[in-house]
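Participant: Handing over target.tsv, TSV, C-alpha atoms.
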chain	number	residue	atom	x	y	z
A	1	MET	CA	-15.17	-5.89	-10.29
A	2	ASN	CA	-18.27	-4.65	-12.13
A	3	LYS	CA	-20.29	-5.01	-8.94
A	4	LEU	CA	-17.71	-3.03	-7.02
A	5	MET	CA	-17.56	-0.32	-9.65
A	6	ALA	CA	-21.31	0.09	-9.38
A	7	MET	CA	-21.28	0.63	-5.62
A	8	ASP	CA	-22.36	4.07	-4.57
A	9	THR	CA	-19.61	4.80	-2.08
A	10	LEU	CA	-19.17	8.52	-2.56
A	11	ARG	CA	-20.05	11.20	-0.07
A	12	HIS	CA	-18.47	14.04	-1.99
A	13	GLY	CA	-20.60	14.59	-5.05
A	14	ALA	CA	-18.23	13.19	-7.68
A	15	ASP	CA	-18.33	9.94	-9.61
A	16	ILE	CA	-15.73	7.28	-8.99
A	17	HIS	CA	-13.42	7.12	-11.96
A	18	ILE	CA	-11.74	3.78	-12.45
A	19	ASP	CA	-9.42	3.29	-15.40
A	20	THR	CA	-10.69	-0.11	-16.45
A	21	ASP	CA	-7.81	-0.58	-18.90
A	22	LEU	CA	-5.25	-0.39	-16.11
A	23	VAL	CA	-7.29	-2.75	-13.94
A	24	ALA	CA	-7.52	-5.17	-16.86
A	25	ARG	CA	-3.75	-4.97	-17.34
A	26	ALA	CA	-3.27	-5.92	-13.70
A	27	ALA	CA	-5.75	-8.79	-13.98
A	28	GLY	CA	-3.89	-10.02	-17.05
A	29	LEU	CA	-0.69	-10.33	-15.01
A	30	ARG	CA	-2.19	-12.66	-12.44
A	31	PRO	CA	-1.09	-15.88	-14.19
A	32	ILE	CA	2.58	-14.89	-14.21
A	33	LEU	CA	2.37	-13.65	-10.61
A	34	ALA	CA	0.78	-16.93	-9.51
A	35	GLN	CA	3.34	-18.93	-11.46
A	36	HIS	CA	6.22	-17.28	-9.60
A	37	ALA	CA	4.57	-16.65	-6.21
A	38	ASP	CA	6.32	-19.51	-4.43
A	39	ARG	CA	9.67	-18.47	-5.85
A	40	THR	CA	9.02	-14.84	-4.90
A	41	GLU	CA	8.40	-16.01	-1.35
A	42	SER	CA	11.41	-18.33	-1.15
A	43	GLU	CA	13.80	-15.80	-2.69
A	44	ARG	CA	12.32	-13.10	-0.44
A	45	ARG	CA	11.89	-10.57	-3.23
A	46	VAL	CA	9.67	-10.28	-6.26
A	47	VAL	CA	11.47	-12.18	-9.00
A	48	PRO	CA	12.84	-10.31	-12.05
A	49	GLU	CA	10.37	-11.85	-14.50
A	50	VAL	CA	7.45	-10.49	-12.50
A	51	MET	CA	9.00	-7.06	-11.90
A	52	GLN	CA	9.61	-6.76	-15.64
A	53	ALA	CA	6.04	-7.74	-16.42
A	54	VAL	CA	4.69	-5.10	-14.02
A	55	GLU	CA	7.11	-2.57	-15.50
A	56	ASP	CA	6.10	-3.41	-19.07
A	57	ALA	CA	2.44	-2.97	-18.13
A	58	GLY	CA	3.19	0.54	-16.88
A	59	LEU	CA	1.93	-0.25	-13.39
A	60	PHE	CA	4.75	1.48	-11.55
A	61	GLU	CA	3.41	4.81	-12.86
A	62	VAL	CA	-0.31	4.46	-12.10
A	63	ILE	CA	-0.51	7.52	-9.85
A	64	VAL	CA	2.53	9.47	-11.07
A	65	PRO	CA	1.12	12.78	-12.37
A	66	LYS	CA	0.76	13.21	-16.11
A	67	ARG	CA	2.75	16.46	-15.93
A	68	LEU	CA	5.78	14.27	-15.13
A	69	GLY	CA	5.05	11.59	-17.71
A	70	GLY	CA	3.02	9.25	-15.51
A	71	LEU	CA	-0.45	7.81	-16.03
A	72	GLY	CA	-2.14	10.19	-13.58
A	73	ALA	CA	-4.84	7.71	-12.58
A	74	SER	CA	-7.16	8.03	-9.61
A	75	MET	CA	-6.48	6.58	-6.18
A	76	THR	CA	-9.54	4.37	-6.72
A	77	THR	CA	-7.86	2.96	-9.84
A	78	GLN	CA	-4.65	2.23	-7.94
A	79	LEU	CA	-6.67	0.49	-5.23
A	80	CYS	CA	-8.31	-1.80	-7.80
A	81	VAL	CA	-5.04	-2.42	-9.68
A	82	ALA	CA	-3.30	-3.53	-6.49
A	83	ALA	CA	-6.23	-5.74	-5.51
A	84	GLU	CA	-6.06	-7.53	-8.86
A	85	LEU	CA	-2.35	-8.20	-8.37
A	86	GLY	CA	-2.96	-9.17	-4.74
A	87	LYS	CA	-5.33	-11.94	-5.78
A	88	ALA	CA	-2.28	-13.76	-7.17
A	89	CYS	CA	0.60	-12.45	-5.03
A	90	ALA	CA	0.21	-9.93	-2.22
A	91	SER	CA	3.98	-9.33	-2.07
A	92	THR	CA	4.06	-8.21	-5.70
A	93	ALA	CA	0.99	-6.05	-5.17
A	94	TRP	CA	2.59	-4.49	-2.07
A	95	VAL	CA	5.78	-3.62	-3.95
A	96	GLN	CA	3.74	-2.14	-6.80
A	97	SER	CA	1.68	-0.09	-4.33
A	98	LEU	CA	4.63	1.15	-2.27
A	99	LEU	CA	6.76	2.10	-5.26
A	100	ASN	CA	3.76	3.96	-6.66
A	101	ILE	CA	3.00	5.91	-3.50
A	102	THR	CA	6.61	6.80	-2.66
A	103	THR	CA	7.32	7.80	-6.25
A	104	TRP	CA	4.16	9.92	-6.13
A	105	ALA	CA	5.35	11.45	-2.83
A	106	ALA	CA	8.64	12.34	-4.49
A	107	THR	CA	6.71	14.27	-7.15
A	108	GLN	CA	5.72	16.65	-4.37
A	109	ALA	CA	9.35	17.32	-3.40
A	110	ARG	CA	11.43	20.34	-4.35
A	111	ALA	CA	13.57	18.24	-6.70
A	112	ALA	CA	10.66	16.52	-8.44
A	113	THR	CA	11.36	17.92	-11.90
A	114	GLU	CA	15.00	16.86	-11.69
A	115	LEU	CA	14.01	13.27	-10.86
A	116	PHE	CA	11.79	12.95	-13.90
A	117	GLU	CA	13.74	14.87	-16.53
A	118	GLY	CA	16.21	12.09	-17.36
A	119	ALA	CA	15.79	9.17	-19.73
A	120	GLU	CA	15.42	6.66	-16.89
A	121	ARG	CA	12.10	6.69	-15.09
A	122	PRO	CA	12.61	6.97	-11.32
A	123	ARG	CA	11.38	4.25	-8.99
A	124	VAL	CA	11.38	5.60	-5.45
A	125	CYS	CA	11.22	3.63	-2.21
A	126	GLY	CA	10.82	5.38	1.09
A	127	VAL	CA	10.10	5.54	4.80
A	128	LEU	CA	8.28	8.49	6.37
A	129	ILE	CA	9.58	8.03	9.93
A	130	PRO	CA	12.47	10.47	10.65
A	131	SER	CA	15.08	7.79	11.34
A	132	GLY	CA	18.00	9.90	10.13
A	133	THR	CA	19.59	13.26	10.77
A	134	ALA	CA	20.46	16.08	8.39
A	135	MET	CA	23.06	18.66	9.41
A	136	PRO	CA	23.33	21.85	7.30
A	137	VAL	CA	26.60	22.36	5.44
A	138	GLU	CA	27.54	24.58	2.54
A	139	GLY	CA	25.22	23.83	-0.37
A	140	GLY	CA	23.13	21.24	1.42
A	141	TYR	CA	23.18	18.73	4.28
A	142	ARG	CA	25.19	15.79	5.59
A	143	VAL	CA	22.71	12.96	6.13
A	144	SER	CA	23.09	9.74	8.10
A	145	GLY	CA	20.56	7.20	9.25
A	146	LYS	CA	18.90	3.82	8.93
A	147	TRP	CA	15.32	3.38	7.75
A	148	GLY	CA	13.68	0.03	8.37
A	149	PHE	CA	11.16	-1.78	6.20
A	150	ALA	CA	11.69	0.06	2.90
A	151	SER	CA	9.53	-2.14	0.67
A	152	GLY	CA	10.78	-2.52	-2.88
A	153	SER	CA	14.20	-1.04	-2.08
A	154	PHE	CA	15.83	-3.77	-4.16
A	155	TYR	CA	14.28	-2.22	-7.28
A	156	ALA	CA	14.39	1.47	-6.40
A	157	THR	CA	16.58	4.02	-8.16
A	158	TRP	CA	15.94	6.66	-5.47
A	159	PHE	CA	15.18	6.69	-1.75
A	160	THR	CA	13.13	9.23	0.18
A	161	GLY	CA	13.30	9.19	3.96
A	162	GLY	CA	12.31	11.25	6.98
A	163	VAL	CA	15.06	13.13	8.82
A	164	SER	CA	15.44	15.37	11.82
A	165	VAL	CA	17.24	18.54	10.76
A	166	VAL	CA	19.78	19.38	13.47
A	167	ASP	CA	22.14	22.25	14.17
A	168	ASP	CA	25.79	22.03	15.27
A	169	SER	CA	24.75	21.31	18.85
A	170	GLY	CA	22.47	18.44	17.81
A	171	ARG	CA	19.27	20.38	18.54
A	172	VAL	CA	16.38	19.41	16.27
A	173	THR	CA	15.22	22.40	14.23
A	174	GLY	CA	12.76	20.69	11.92
A	175	ILE	CA	11.53	17.52	10.24
A	176	ALA	CA	12.01	16.94	6.52
A	177	MET	CA	12.16	14.39	3.73
A	178	VAL	CA	15.38	13.82	1.81
A	179	LEU	CA	15.97	12.32	-1.60
A	180	ALA	CA	19.03	10.21	-2.35
A	181	PRO	CA	19.97	8.39	-5.58
A	182	ARG	CA	20.77	4.68	-5.72
A	183	ASP	CA	24.55	5.24	-5.58
A	184	ASP	CA	24.22	7.04	-2.23
A	185	PHE	CA	22.39	4.37	-0.25
A	186	THR	CA	22.89	0.75	0.66
A	187	THR	CA	20.49	-1.85	2.04
A	188	GLU	CA	20.73	-4.28	4.92
A	189	ASP	CA	18.82	-7.56	4.60
A	190	THR	CA	16.65	-7.37	7.72
A	191	TRP	CA	13.25	-8.61	6.46
A	192	PHE	CA	12.68	-12.06	7.99
A	193	VAL	CA	8.96	-12.49	8.58
A	194	ALA	CA	6.05	-14.94	8.51
A	195	GLY	CA	4.29	-13.25	5.59
A	196	MET	CA	4.84	-10.70	2.85
A	197	ASN	CA	8.25	-12.30	2.39
A	198	GLY	CA	8.59	-11.18	-1.20
A	199	THR	CA	8.44	-7.45	-0.44
A	200	ALA	CA	12.14	-7.39	0.54
A	201	SER	CA	11.33	-4.62	3.00
A	202	SER	CA	14.98	-4.15	3.89
A	203	THR	CA	16.72	-1.42	5.87
A	204	VAL	CA	18.06	1.52	3.86
A	205	VAL	CA	21.31	3.05	5.08
A	206	LEU	CA	22.82	6.48	4.39
A	207	GLU	CA	26.25	7.08	5.90
A	208	ASP	CA	27.35	10.72	5.98
A	209	VAL	CA	25.90	11.37	2.52
A	210	PHE	CA	25.86	14.88	1.04
A	211	VAL	CA	22.32	15.88	0.04
A	212	PRO	CA	21.95	19.11	-1.98
A	213	THR	CA	19.62	21.75	-0.57
A	214	GLY	CA	17.04	21.07	-3.29
A	215	HIS	CA	16.83	17.41	-2.28
A	216	LEU	CA	15.50	18.19	1.19
A	217	THR	CA	11.85	19.17	1.60
A	218	PRO	CA	10.52	20.27	5.03
A	219	LEU	CA	7.57	18.11	6.08
A	220	GLY	CA	4.36	20.00	5.55
A	221	GLU	CA	5.83	22.41	3.01
A	222	GLU	CA	3.38	23.26	0.29
A	223	ALA	CA	4.21	21.18	-2.76
A	224	PRO	CA	5.18	22.77	-6.07
A	225	GLY	CA	2.12	23.78	-8.04
A	226	GLY	CA	0.80	21.19	-10.43
A	227	SER	CA	-2.19	20.69	-12.67
A	228	ASP	CA	-2.87	17.03	-11.85
A	229	PRO	CA	-5.48	15.96	-9.29
A	230	ALA	CA	-2.82	13.92	-7.46
A	231	ASP	CA	-0.91	17.15	-6.77
A	232	ARG	CA	-3.61	18.02	-4.25
A	233	TRP	CA	-3.89	14.65	-2.50
A	234	PRO	CA	-3.42	14.61	1.30
A	235	LEU	CA	-0.30	12.55	2.04
A	236	GLY	CA	-1.54	10.78	5.18
A	237	SER	CA	-4.82	9.67	3.62
A	238	ALA	CA	-3.09	8.52	0.44
A	239	LEU	CA	-0.58	6.47	2.41
A	240	SER	CA	-3.36	4.82	4.41
A	241	VAL	CA	-5.56	3.86	1.48
A	242	VAL	CA	-2.82	2.64	-0.84
A	243	LEU	CA	-1.69	0.02	1.68
A	244	THR	CA	-5.09	-1.67	1.70
A	245	GLY	CA	-5.22	-2.65	-1.98
A	246	PRO	CA	-2.93	-5.72	-1.87
A	247	LEU	CA	-4.71	-7.01	1.24
A	248	LEU	CA	-8.16	-6.59	-0.28
A	249	GLY	CA	-6.95	-8.70	-3.19
A	250	ALA	CA	-5.53	-11.45	-0.98
A	251	ALA	CA	-8.75	-11.63	1.02
A	252	GLN	CA	-10.91	-11.64	-2.11
A	253	ALA	CA	-8.86	-14.52	-3.47
A	254	CYS	CA	-9.52	-16.51	-0.28
A	255	ALA	CA	-13.24	-15.79	-0.46
A	256	ASP	CA	-13.44	-16.89	-4.08
A	257	LEU	CA	-11.31	-20.01	-3.61
A	258	VAL	CA	-13.29	-21.30	-0.63
A	259	THR	CA	-16.64	-20.48	-2.26
A	260	ASP	CA	-15.70	-22.22	-5.50
A	261	LYS	CA	-14.35	-25.34	-3.79
A	262	ALA	CA	-17.21	-25.80	-1.32
A	263	PRO	CA	-19.57	-27.75	-3.65
A	264	THR	CA	-16.96	-30.48	-4.26
A	265	ARG	CA	-15.24	-30.62	-0.88
A	266	ALA	CA	-16.55	-33.07	1.71
A	267	LEU	CA	-16.57	-32.14	5.40
A	268	SER	CA	-14.30	-34.64	7.13
A	269	TYR	CA	-15.75	-36.70	9.98
A	270	THR	CA	-19.30	-35.70	9.06
A	271	SER	CA	-21.98	-37.17	6.81
A	272	TYR	CA	-21.77	-34.15	4.48
A	273	ALA	CA	-20.50	-35.14	1.05
A	274	ALA	CA	-20.18	-31.46	0.16
A	275	THR	CA	-19.44	-28.39	2.25
A	276	THR	CA	-22.51	-26.74	0.75
A	277	ASP	CA	-24.73	-29.42	2.33
A	278	SER	CA	-23.97	-27.89	5.73
A	279	MET	CA	-26.03	-24.81	6.50
A	280	VAL	CA	-23.52	-23.93	9.22
A	281	ALA	CA	-20.72	-23.89	6.63
A	282	VAL	CA	-22.60	-21.91	4.00
A	283	THR	CA	-23.66	-19.37	6.63
A	284	GLU	CA	-20.03	-18.95	7.66
A	285	ILE	CA	-18.99	-18.48	4.04
A	286	ALA	CA	-21.74	-15.91	3.53
A	287	ARG	CA	-20.75	-13.98	6.64
A	288	ALA	CA	-17.08	-14.07	5.65
A	289	ARG	CA	-17.80	-12.80	2.15
A	290	LEU	CA	-19.80	-9.94	3.63
A	291	ASP	CA	-16.81	-9.09	5.84
A	292	VAL	CA	-14.73	-8.79	2.68
A	293	ASP	CA	-17.46	-6.80	0.91
A	294	THR	CA	-17.67	-4.46	3.91
A	295	ALA	CA	-13.93	-3.88	3.71
A	296	TRP	CA	-14.24	-3.06	0.02
A	297	MET	CA	-16.97	-0.49	0.65
A	298	HIS	CA	-14.86	1.28	3.28
A	299	ALA	CA	-11.80	1.22	1.01
A	300	LEU	CA	-13.66	2.65	-1.97
A	301	GLN	CA	-15.27	5.33	0.16
A	302	ALA	CA	-11.89	6.29	1.62
A	303	ALA	CA	-10.31	6.39	-1.84
A	304	SER	CA	-13.18	8.55	-3.08
A	305	TYR	CA	-12.31	11.20	-0.48
A	306	ILE	CA	-8.76	11.42	-1.84
A	307	ASP	CA	-10.00	11.62	-5.42
A	308	ALA	CA	-12.55	14.28	-4.48
A	309	VAL	CA	-9.83	16.42	-2.87
A	310	GLY	CA	-7.80	16.00	-6.02
A	311	HIS	CA	-10.68	17.42	-8.02
A	312	GLY	CA	-10.99	20.48	-5.83
A	313	ALA	CA	-13.33	19.44	-3.02
A	314	GLY	CA	-11.01	20.83	-0.35
A	315	ARG	CA	-9.46	19.05	2.60
A	316	ASP	CA	-11.39	18.16	5.75
A	317	LEU	CA	-9.33	16.97	8.72
A	318	LEU	CA	-12.27	15.12	10.27
A	319	GLU	CA	-12.76	13.26	7.00
A	320	GLU	CA	-9.06	12.42	6.94
A	321	ALA	CA	-9.28	11.01	10.44
A	322	ARG	CA	-12.28	8.99	9.25
A	323	VAL	CA	-10.24	7.67	6.34
A	324	ARG	CA	-7.55	6.55	8.78
A	325	GLY	CA	-10.17	4.89	10.96
A	326	GLN	CA	-11.81	3.21	7.97
A	327	CYS	CA	-8.53	1.72	6.82
A	328	GLY	CA	-7.81	0.25	10.24
A	329	TYR	CA	-11.37	-1.02	10.55
A	330	LEU	CA	-11.47	-2.65	7.11
A	331	LEU	CA	-8.28	-4.58	7.85
A	332	ALA	CA	-9.90	-6.05	10.95
A	333	SER	CA	-12.87	-7.02	8.76
A	334	LEU	CA	-10.56	-8.74	6.29
A	335	ARG	CA	-8.79	-10.68	9.03
A	336	GLN	CA	-12.10	-11.76	10.54
A	337	GLY	CA	-13.50	-12.86	7.19
A	338	VAL	CA	-10.42	-14.77	6.09
A	339	ASP	CA	-10.10	-16.51	9.46
A	340	ALA	CA	-13.67	-17.74	9.05
A	341	LEU	CA	-13.00	-18.91	5.51
A	342	LEU	CA	-10.01	-20.96	6.63
A	343	ASN	CA	-12.14	-22.41	9.42
A	344	VAL	CA	-14.41	-23.76	6.71
A	345	GLY	CA	-11.42	-25.10	4.81
A	346	GLY	CA	-10.07	-26.83	7.90
A	347	ALA	CA	-6.49	-27.86	8.60
A	348	GLY	CA	-5.94	-28.54	4.90
A	349	SER	CA	-6.08	-24.79	4.32
A	350	PHE	CA	-2.70	-24.54	6.01
A	351	ALA	CA	-0.93	-27.13	3.90
A	352	SER	CA	2.23	-25.72	2.33
A	353	ALA	CA	0.84	-26.49	-1.12
A	354	ASN	CA	-2.41	-24.61	-0.42
A	355	VAL	CA	-2.35	-20.99	-1.62
A	356	LEU	CA	-4.85	-20.07	1.12
A	357	GLN	CA	-2.20	-20.23	3.84
A	358	ARG	CA	0.07	-17.82	1.94
A	359	HIS	CA	-2.76	-15.32	1.48
A	360	TRP	CA	-3.62	-15.72	5.19
A	361	ARG	CA	-0.02	-15.09	6.27
A	362	ASP	CA	0.41	-12.14	3.91
A	363	LEU	CA	-2.82	-10.56	5.13
A	364	ASN	CA	-1.95	-11.00	8.78
A	365	VAL	CA	1.50	-9.46	8.37
A	366	GLY	CA	0.58	-6.69	5.95
A	367	SER	CA	-2.45	-5.59	7.95
A	368	ARG	CA	-0.20	-5.00	10.97
A	369	HIS	CA	1.70	-2.21	9.24
A	370	ALA	CA	2.25	0.47	11.88
A	371	PHE	CA	0.57	3.12	9.74
A	372	LEU	CA	-2.65	1.11	9.72
A	373	ALA	CA	-2.75	-0.35	13.24
A	374	THR	CA	-6.47	-0.93	13.77
A	375	ASN	CA	-6.91	0.30	17.34
A	376	ILE	CA	-4.71	3.39	16.92
A	377	SER	CA	-6.50	4.21	13.66
A	378	LEU	CA	-9.87	3.96	15.39
A	379	GLU	CA	-8.59	6.06	18.29
A	380	THR	CA	-7.45	8.70	15.80
A	381	TYR	CA	-10.94	8.91	14.34
A	382	GLY	CA	-12.59	8.84	17.75
A	383	ARG	CA	-10.46	11.69	19.03
A	384	ALA	CA	-11.24	13.72	15.90
A	385	LEU	CA	-14.98	13.23	16.45
A	386	TYR	CA	-14.61	15.10	19.74
A	387	GLY	CA	-12.22	17.76	18.51
A	388	ARG	CA	-9.16	16.31	20.20
A	389	ASP	CA	-5.71	16.30	18.66
A	390	PRO	CA	-4.73	13.05	16.91
A	391	VAL	CA	-2.23	10.69	18.49
A	392	VAL	CA	-0.60	10.10	15.10
A	393	VAL	CA	0.96	12.45	12.59
A	394	MET	CA	-1.68	13.56	10.06
A	395	VAL	CA	0.14	14.84	6.97
Could you rewrite the structure in this file as C-alpha cells?
Facilitator:
Amino acid sequence: MNKLMAMDTLRHGADIHIDTDLVARAAGLRPILAQHADRTESERRVVPEVMQAVEDAGLFEVIVPKRLGGLGASMTTQLCVAAELGKACASTAWVQSLLNITTWAATQARAATELFEGAERPRVCGVLIPSGTAMPVEGGYRVSGKWGFASGSFYATWFTGGVSVVDDSGRVTGIAMVLAPRDDFTTEDTWFVAGMNGTASSTVVLEDVFVPTGHLTPLGEEAPGGSDPADRWPLGSALSVVLTGPLLGAAQACADLVTDKAPTRALSYTSYAATTDSMVAVTEIARARLDVDTAWMHALQAASYIDAVGHGAGRDLLEEARVRGQCGYLLASLRQGVDALLNVGGAGSFASANVLQRHWRDLNVGSRHAFLATNISLETYGRALYGRDPVVVMV
C-alpha cells in the first residue's frame, strides 16, 4: 500500500488523500473475512458476523458526507478500503462498495435529510436502470417495477431505483430515481452465478407502492447544496470507479499468493524443484504483476479525477469518458494478469480448497458488470475523443 500511495497518478494538481486509518481498519478485517469466505459463498450472502464487523468498523459510511454524519472520505480512500477487503473476500468488498455508493447517491436525492435524521443509519441498495414506472397521483407517485442485481439488498434499509415517469396514457415524461423504505419492497432470490456468490444481488420488487413527491428525484437534477467534496462528485464516474476496488483486491491477492508460493512449489513433470528456477515462470509472474500494477495506476488516476472535482476542479466530460474507458481497460488488465498467474499455478489453482479459484471466479464475474463492460467503455472514450455522443448514459 505504501508503494501505491506514493504513485504520482494525478493530472489535476491536487494530492491524493488516503485516510490510512480507514484502510488499516479494512486490512484488520481480512482475517474474519477469510475465515467466513467459504460460508459466505455457500450461503450466497455475506454472513452476519462479517456484516457486523464491517458495520462496527464504520466502513458502510466511508463516502457518506460528513454533513449527514458520515466519514466523508475521498474516493481514493474507498478504492483502497475495498481492495483491502477484496484481498480476503471479493463478495464482502463488493457489498461494502455498493452499499457505500448507493447510500452516497441517496444523499444527493431530495429526501436526503429525511433519510439521515433518524436514529438508525440508512443502508441503501439500488439499481440505476429505469426498470420501473412512476405514475403521478395526489401527493406523489404510484410505483411498480422489478430491479435486477441489487447487491446487498439483504442488508439494506432503503432502496433507490430508476423509473420512467409516465402519464395516464403511459407516455414517458421523464426519468427519475425513487426512494423506498424496507417495508415497501421485497426481494426475489435470482442471483445464481459462478462467482461473486456472496453479494446476494437479488431482484428488488415494488408493487404499486405509493412514493411521496419528495422521494422522487429527476435524473440529472442538481443535487441539494452541500459543503462536502462528495456533494460535487459526478455520478457516472463515481459508479465506475467504486466497482473496481473489490476486483483490484482479488487480483492483488492472487499476485501475492502465487509470488509467495513460487519458491517452494515444484513444477510438475519438469526438472524444476522450484517454480522460481524456471525463467519462463518468473517472467510470467513478473508480467502478471505488472498487469495488476497497471490496473492500480489507472484506478488511482480515475479516482483522483473524482476527488479533484470534489475539491472544485470542475467537471470535464472528456475526462469522464476517459475514466469510464480506464475502468473498462483496467479490468481487462486484471483478467489477463490473473489468468497468467493461474497458468503458473497449474490445475491445482482450481482445486476447490484453493482460494485462487474463488478470486478468479469473483474477478471474472464482477468485471463483467454491465456498467464496466470493457469494449463499450473503450468505445465511450473513443467516441468522446472525436467529439461524438457517448453510447452509454453519462450522469
Participant: Distance atom CA of Ala134 of chain A-atom CA of Glu221 of chain A, one decimal place?
Facilitator: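 Here the two named atoms are 16.8 Å from each other.
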Participant: Find the residue from A:Ala111, A:Glu207, A:Thr199, A:Leu216 that sits nearest to Pro136 of chain A; use all atoms listed in the file when measuring.
Facilitator: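 Looking at the shortest contact to Pro136 of chain A, the residue is A:Leu216.
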Participant: Could you state the separation of atom CA of Arg358 of chain A and atom CA of Thr276 of chain A in Å, given to one decimal place?
Facilitator: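 According to the coordinates, atom CA of Arg358 of chain A and atom CA of Thr276 of chain A are separated by 24.3 Å.
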Participant: So that I can check the surroundings of Thr244 of chain A, please list as an MDAnalysis selection string every protein, DNA and RNA residue that reaches within 10 Å of it, counting all atoms listed in the file and ignoring chain neighbours fewer than 6 positions away.
Facilitator: chainID A and resid 79 82:83 94 97 295:296 299 327:328 330:331 363 366:367 372
Participant: Store the residues of this selection in a file with C-alpha atoms, as a PDB file, in the coordinates of the input.
Facilitator:
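That gives us part17.pdb:
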ATOM      1  CA  LEU A  79      -6.670   0.490  -5.230  1.00  0.00           C
ATOM      2  CA  ALA A  82      -3.300  -3.530  -6.490  1.00  0.00           C
ATOM      3  CA  ALA A  83      -6.230  -5.740  -5.510  1.00  0.00           C
ATOM      4  CA  TRP A  94       2.590  -4.490  -2.070  1.00  0.00           C
ATOM      5  CA  SER A  97       1.680  -0.090  -4.330  1.00  0.00           C
ATOM      6  CA  ALA A 295     -13.930  -3.880   3.710  1.00  0.00           C
ATOM      7  CA  TRP A 296     -14.240  -3.060   0.020  1.00  0.00           C
ATOM      8  CA  ALA A 299     -11.800   1.220   1.010  1.00  0.00           C
ATOM      9  CA  CYS A 327      -8.530   1.720   6.820  1.00  0.00           C
ATOM     10  CA  GLY A 328      -7.810   0.250  10.240  1.00  0.00           C
ATOM     11  CA  LEU A 330     -11.470  -2.650   7.110  1.00  0.00           C
ATOM     12  CA  LEU A 331      -8.280  -4.580   7.850  1.00  0.00           C
ATOM     13  CA  LEU A 363      -2.820 -10.560   5.130  1.00  0.00           C
ATOM     14  CA  GLY A 366       0.580  -6.690   5.950  1.00  0.00           C
ATOM     15  CA  SER A 367      -2.450  -5.590   7.950  1.00  0.00           C
ATOM     16  CA  LEU A 372      -2.650   1.110   9.720  1.00  0.00           C
TER      17      LEU A 372
END
Participant: Might you pull out every residue within 10 Å of Leu378 of chain A, with all atoms listed in the file counted and same-chain residues fewer than 6 positions away left off, and present them as a ChimeraX atom specification?
Facilitator: /A:321-329,372,384
Participant: Just save segment 140-191 of chain A with C-alpha atoms, as an mmCIF file, in the first residue's frame.
Facilitator:
data_model
loop_
_atom_site.group_PDB
_atom_site.id
_atom_site.type_symbol
_atom_site.label_atom_id
_atom_site.label_comp_id
_atom_site.auth_asym_id
_atom_site.auth_seq_id
_atom_site.Cartn_x
_atom_site.Cartn_y
_atom_site.Cartn_z
ATOM 1 C CA GLY A 140 -46.696 11.604 -5.027
ATOM 2 C CA TYR A 141 -46.486 8.612 -7.362
ATOM 3 C CA ARG A 142 -47.616 5.001 -7.650
ATOM 4 C CA VAL A 143 -44.502 2.964 -8.403
ATOM 5 C CA SER A 144 -44.186 -0.585 -9.708
ATOM 6 C CA GLY A 145 -41.243 -2.484 -11.099
ATOM 7 C CA LYS A 146 -38.521 -5.076 -10.732
ATOM 8 C CA TRP A 147 -34.837 -4.195 -10.495
ATOM 9 C CA GLY A 148 -32.334 -6.973 -11.023
ATOM 10 C CA PHE A 149 -28.968 -7.455 -9.351
ATOM 11 C CA ALA A 150 -29.396 -5.150 -6.347
ATOM 12 C CA SER A 151 -26.222 -6.084 -4.465
ATOM 13 C CA GLY A 152 -26.517 -6.000 -0.691
ATOM 14 C CA SER A 153 -30.322 -5.779 -0.771
ATOM 15 C CA PHE A 154 -30.488 -8.334 2.045
ATOM 16 C CA TYR A 155 -28.948 -5.743 4.379
ATOM 17 C CA ALA A 156 -30.462 -2.533 3.024
ATOM 18 C CA THR A 157 -32.961 -0.397 4.906
ATOM 19 C CA TRP A 158 -33.805 1.642 1.788
ATOM 20 C CA PHE A 159 -33.867 1.055 -1.959
ATOM 21 C CA THR A 160 -33.228 3.578 -4.724
ATOM 22 C CA GLY A 161 -34.143 2.649 -8.271
ATOM 23 C CA GLY A 162 -34.536 4.173 -11.709
ATOM 24 C CA VAL A 163 -38.068 4.719 -13.014
ATOM 25 C CA SER A 164 -39.776 6.028 -16.102
ATOM 26 C CA VAL A 165 -42.273 8.697 -15.083
ATOM 27 C CA VAL A 166 -45.445 8.135 -17.118
ATOM 28 C CA ASP A 167 -48.724 9.974 -17.588
ATOM 29 C CA ASP A 168 -52.230 8.476 -17.634
ATOM 30 C CA SER A 169 -51.761 7.298 -21.217
ATOM 31 C CA GLY A 170 -48.494 5.518 -20.406
ATOM 32 C CA ARG A 171 -46.348 8.084 -22.236
ATOM 33 C CA VAL A 172 -42.900 8.522 -20.696
ATOM 34 C CA THR A 173 -42.415 12.091 -19.499
ATOM 35 C CA GLY A 174 -39.112 11.728 -17.691
ATOM 36 C CA ILE A 175 -36.577 9.506 -15.946
ATOM 37 C CA ALA A 176 -36.065 9.661 -12.197
ATOM 38 C CA MET A 177 -34.780 7.868 -9.119
ATOM 39 C CA VAL A 178 -37.163 6.846 -6.354
ATOM 40 C CA LEU A 179 -36.507 6.041 -2.723
ATOM 41 C CA ALA A 180 -38.473 3.360 -0.891
ATOM 42 C CA PRO A 181 -38.067 2.121 2.701
ATOM 43 C CA ARG A 182 -37.542 -1.534 3.595
ATOM 44 C CA ASP A 183 -41.226 -2.139 4.375
ATOM 45 C CA ASP A 184 -42.210 -1.118 0.836
ATOM 46 C CA PHE A 185 -40.042 -3.518 -1.143
ATOM 47 C CA THR A 186 -39.482 -7.240 -1.346
ATOM 48 C CA THR A 187 -36.685 -9.270 -2.917
ATOM 49 C CA GLU A 188 -36.681 -12.253 -5.230
ATOM 50 C CA ASP A 189 -33.763 -14.680 -4.954
ATOM 51 C CA THR A 190 -32.465 -14.575 -8.530
ATOM 52 C CA TRP A 191 -28.665 -14.473 -8.040
#
